[in-house]
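See below for the structure under consideration.
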Amino acid sequence: TLVPTPDPEAAGNFLIAAFQKLNTAYPFRLTELTTMGGSTLDRVTDFAAADRTHTTFKSGSPVADLEEVIKVGGTTYWKINGTWSVNESFGSQPTLDLATMLISGLISVQYAGMETVNGAPSFVFTFKLSISSSGTALTGTGKAWVGIADGLPHQANMVGSLGGYAVNTHLVYSYGVSFDIQAPIQ
């Protein structure tokens with residue numbers, strides 16, 4: 001097993017490679033809990049394939065009364081107030097691609113040792129990030145755990161500021177899960 005070094009560039013490349021590996025780690029589940037300015041986003045997204053996902057919002061959906069989103073191919077299905085609708089022109093879910101955001105916003109990464117998280121022996125990284133989107137900046141710090149055996153992210157925590165609001169995000173990645181994602185309506 002390749003062990004990261006204290007060299008920030010090598011540590012950054014190692015962490016980026018782990019998050020890029022998500023593009024081939026299907027199926028997996030991402031559980032996210034984010035608080036910002038007194039609001040909470042609590043969602044679970046199942047990734048069966050790059051073009052087959054299912055997101056369930058427990059709270060804080062980006063659209064009023066949005067309960068679930070299923071994406072199958074280029075078609076996105078929304079469940080609002082218990083009713084499914086289809087939107088073929090909406091190319092992606094109303095969710096952030098957290099891995100891409102993290103990769104693009106890394107300023108510095110430090111290898112911080114090894115720990116076991118969620119039962120997986122993991123390399124630990126701390127990082128600083130700064131992401132600017134549509135004139136709004138997300139800045140902060142974080143910690144990520146990458147599985148020693150599989151080279152995949154298993155957990156990440158980020159604390160920072162977005163548009164003047166305090167943001168706190170906790171992500172948990174689960175692998176080896178089983179689910180079948182199908183279009184909810186025809």
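Following the order of the structure tokens, first chain is A, next is B, and so on, with residues numbered from 1 inside each chain and ligands from 1 in the order they appear.
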
For this session: Considering only C-alpha atoms, return as a list in words whatever protein or nucleic-acid residues lie within 9 Å of region 167-175 of chain A, sequence-local ones (same chain, fewer than 3 positions apart) excluded.
Result: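 Neighbouring residues, sequence-local ones excluded: Ala25, Tyr26, Pro27, Phe28, Arg29, Leu30, Thr31, Glu32, Leu33, Thr34, Thr35, Met36, Gly37, Asn118, Leu138, Gly140, Leu152, Pro153, His154, Gln155, Ala156, Asn157, Met158, Val159, Gly160, Ser161, Leu162 and Ser178 of chain A.
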
For this session: Tell me which protein, DNA and RNA residues are within 6 Å of region 80-83 of chain A, counting only C-alpha atoms, leaving out same-chain ones fewer than 2 positions away, and put them as a PyMOL selection string.
Result: chain A and resi 65-67

What would the file look like if the residues just selected were written as a CSV table (one decimal), in the first residue's frame with all heavy atoms?
```
chain,number,residue,atom,x,y,z
A,65,ASP,N,-40.4,22.0,-0.5
A,65,ASP,CA,-41.1,20.8,-0.5
A,65,ASP,C,-40.6,19.7,-1.3
A,65,ASP,O,-41.3,18.7,-1.6
A,65,ASP,CB,-42.6,21.0,-0.8
A,65,ASP,CG,-43.3,22.1,0.1
A,65,ASP,OD1,-43.0,22.0,1.3
A,65,ASP,OD2,-43.9,23.0,-0.4
A,66,LEU,N,-39.3,19.8,-1.8
A,66,LEU,CA,-38.7,18.7,-2.5
A,66,LEU,C,-38.3,17.6,-1.6
A,66,LEU,O,-37.6,17.8,-0.6
A,66,LEU,CB,-37.4,19.2,-3.2
A,66,LEU,CG,-36.6,18.2,-4.1
A,66,LEU,CD1,-37.5,17.7,-5.2
A,66,LEU,CD2,-35.4,18.9,-4.6
A,67,GLU,N,-38.8,16.4,-1.9
A,67,GLU,CA,-38.5,15.2,-1.0
A,67,GLU,C,-37.5,14.3,-1.6
A,67,GLU,O,-36.6,13.8,-0.8
A,67,GLU,CB,-39.8,14.4,-0.8
A,67,GLU,CG,-40.9,15.2,-0.2
A,67,GLU,CD,-42.3,14.6,-0.4
A,67,GLU,OE1,-42.4,13.4,-0.7
A,67,GLU,OE2,-43.3,15.3,-0.1
```

Please identify all polymer residues within 6 Å of region 69-77 of chain A, counting only C-alpha atoms, omitting same-chain residues fewer than 5 positions from it, and present them as a CSV table (one decimal) with N, CA, C and O atoms, in the first residue's frame.
```csv
chain,number,residue,atom,x,y,z
A,51,ASP,N,-24.8,8.0,-14.2
A,51,ASP,CA,-26.0,8.6,-14.6
A,51,ASP,C,-27.2,8.0,-14.0
A,51,ASP,O,-28.4,8.1,-14.5
A,52,ARG,N,-27.1,7.4,-12.8
A,52,ARG,CA,-28.2,6.8,-12.1
A,52,ARG,C,-28.0,7.0,-10.6
A,52,ARG,O,-27.2,6.3,-9.9
A,53,THR,N,-28.8,8.1,-10.1
A,53,THR,CA,-28.7,8.4,-8.7
A,53,THR,C,-30.0,8.6,-8.1
A,53,THR,O,-31.0,8.9,-8.8
A,54,HIS,N,-30.1,8.5,-6.8
A,54,HIS,CA,-31.3,8.7,-6.0
A,54,HIS,C,-31.0,9.5,-4.8
A,54,HIS,O,-30.2,9.0,-3.9
A,55,THR,N,-31.5,10.7,-4.6
A,55,THR,CA,-31.3,11.6,-3.5
A,55,THR,C,-32.6,11.7,-2.7
A,55,THR,O,-33.6,12.0,-3.2
A,85,SER,N,-42.7,14.3,-10.8
A,85,SER,CA,-42.7,14.9,-12.1
A,85,SER,C,-41.4,14.7,-12.8
A,85,SER,O,-40.4,14.3,-12.2
A,86,VAL,N,-41.4,14.9,-14.1
A,86,VAL,CA,-40.2,14.6,-14.9
A,86,VAL,C,-39.7,15.9,-15.5
A,86,VAL,O,-40.5,16.8,-15.9
A,87,ASN,N,-38.4,16.1,-15.6
A,87,ASN,CA,-37.8,17.3,-16.2
A,87,ASN,C,-36.6,16.8,-17.0
A,87,ASN,O,-35.5,16.7,-16.5
A,88,GLU,N,-36.8,16.6,-18.3
A,88,GLU,CA,-35.8,16.1,-19.2
A,88,GLU,C,-34.7,17.2,-19.5
A,88,GLU,O,-33.6,16.8,-19.9
A,91,GLY,N,-30.4,18.9,-16.6
A,91,GLY,CA,-29.3,17.9,-16.9
A,91,GLY,C,-28.7,17.3,-15.6
A,91,GLY,O,-28.1,16.2,-15.7
```

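All residues of region 19-182 of chain A that DSSP, run on the backbone, classes as helix (DSSP H, G or I) are Phe19, Gln20, Lys21, Leu22, Asn23, Thr24, Leu98, Ala99, Thr100, Met101, Leu102, Ile103, Ser104 and Gly105 of chain A.
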
Export N, CA, C and O atoms of the chosen residues as an mmCIF file, in the first residue's frame?
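See again_2.cif below for the written result:
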```cif
data_model
loop_
_atom_site.group_PDB
_atom_site.id
_atom_site.type_symbol
_atom_site.label_atom_id
_atom_site.label_comp_id
_atom_site.auth_asym_id
_atom_site.auth_seq_id
_atom_site.Cartn_x
_atom_site.Cartn_y
_atom_site.Cartn_z
ATOM 1 N N PHE A 19 -10.712 11.177 -4.228
ATOM 2 C CA PHE A 19 -12.031 11.687 -4.597
ATOM 3 C C PHE A 19 -12.339 11.435 -6.072
ATOM 4 O O PHE A 19 -13.484 11.188 -6.428
ATOM 5 N N GLN A 20 -11.336 11.456 -6.936
ATOM 6 C CA GLN A 20 -11.567 11.135 -8.346
ATOM 7 C C GLN A 20 -11.953 9.672 -8.517
ATOM 8 O O GLN A 20 -12.693 9.326 -9.436
ATOM 9 N N LYS A 21 -11.482 8.831 -7.637
ATOM 10 C CA LYS A 21 -11.793 7.400 -7.695
ATOM 11 C C LYS A 21 -13.289 7.128 -7.480
ATOM 12 O O LYS A 21 -13.796 6.075 -7.848
ATOM 13 N N LEU A 22 -14.005 8.099 -6.909
ATOM 14 C CA LEU A 22 -15.453 7.943 -6.753
ATOM 15 C C LEU A 22 -16.145 7.732 -8.102
ATOM 16 O O LEU A 22 -17.203 7.118 -8.173
ATOM 17 N N ASN A 23 -15.542 8.239 -9.195
ATOM 18 C CA ASN A 23 -16.126 8.095 -10.523
ATOM 19 C C ASN A 23 -16.207 6.646 -10.985
ATOM 20 O O ASN A 23 -16.871 6.351 -11.984
ATOM 21 N N THR A 24 -15.540 5.733 -10.293
ATOM 22 C CA THR A 24 -15.577 4.314 -10.658
ATOM 23 C C THR A 24 -15.919 3.428 -9.463
ATOM 24 O O THR A 24 -15.774 2.214 -9.546
ATOM 25 N N LEU A 98 -20.022 17.484 -4.604
ATOM 26 C CA LEU A 98 -19.115 17.816 -3.514
ATOM 27 C C LEU A 98 -17.679 17.416 -3.805
ATOM 28 O O LEU A 98 -16.748 18.140 -3.464
ATOM 29 N N ALA A 99 -17.489 16.268 -4.450
ATOM 30 C CA ALA A 99 -16.126 15.827 -4.741
ATOM 31 C C ALA A 99 -15.441 16.798 -5.689
ATOM 32 O O ALA A 99 -14.290 17.195 -5.464
ATOM 33 N N THR A 100 -16.128 17.222 -6.751
ATOM 34 C CA THR A 100 -15.543 18.156 -7.706
ATOM 35 C C THR A 100 -15.253 19.494 -7.044
ATOM 36 O O THR A 100 -14.208 20.100 -7.268
ATOM 37 N N MET A 101 -16.190 19.952 -6.206
ATOM 38 C CA MET A 101 -15.971 21.215 -5.490
ATOM 39 C C MET A 101 -14.739 21.134 -4.598
ATOM 40 O O MET A 101 -13.914 22.032 -4.580
ATOM 41 N N LEU A 102 -14.633 20.037 -3.869
ATOM 42 C CA LEU A 102 -13.499 19.874 -2.963
ATOM 43 C C LEU A 102 -12.191 19.869 -3.751
ATOM 44 O O LEU A 102 -11.249 20.587 -3.411
ATOM 45 N N ILE A 103 -12.132 19.084 -4.811
ATOM 46 C CA ILE A 103 -10.913 18.988 -5.619
ATOM 47 C C ILE A 103 -10.528 20.346 -6.187
ATOM 48 O O ILE A 103 -9.369 20.748 -6.133
ATOM 49 N N SER A 104 -11.511 21.074 -6.725
ATOM 50 C CA SER A 104 -11.200 22.347 -7.375
ATOM 51 C C SER A 104 -10.819 23.437 -6.380
ATOM 52 O O SER A 104 -10.148 24.393 -6.737
ATOM 53 N N GLY A 105 -11.224 23.294 -5.126
ATOM 54 C CA GLY A 105 -10.988 24.352 -4.159
ATOM 55 C C GLY A 105 -9.851 24.128 -3.188
ATOM 56 O O GLY A 105 -9.601 24.961 -2.325
#
```

Problem set entry | Distance in Å - CA of Asp150 (chain A) versus CA of Ile181 (chain A) | 24.5 Å
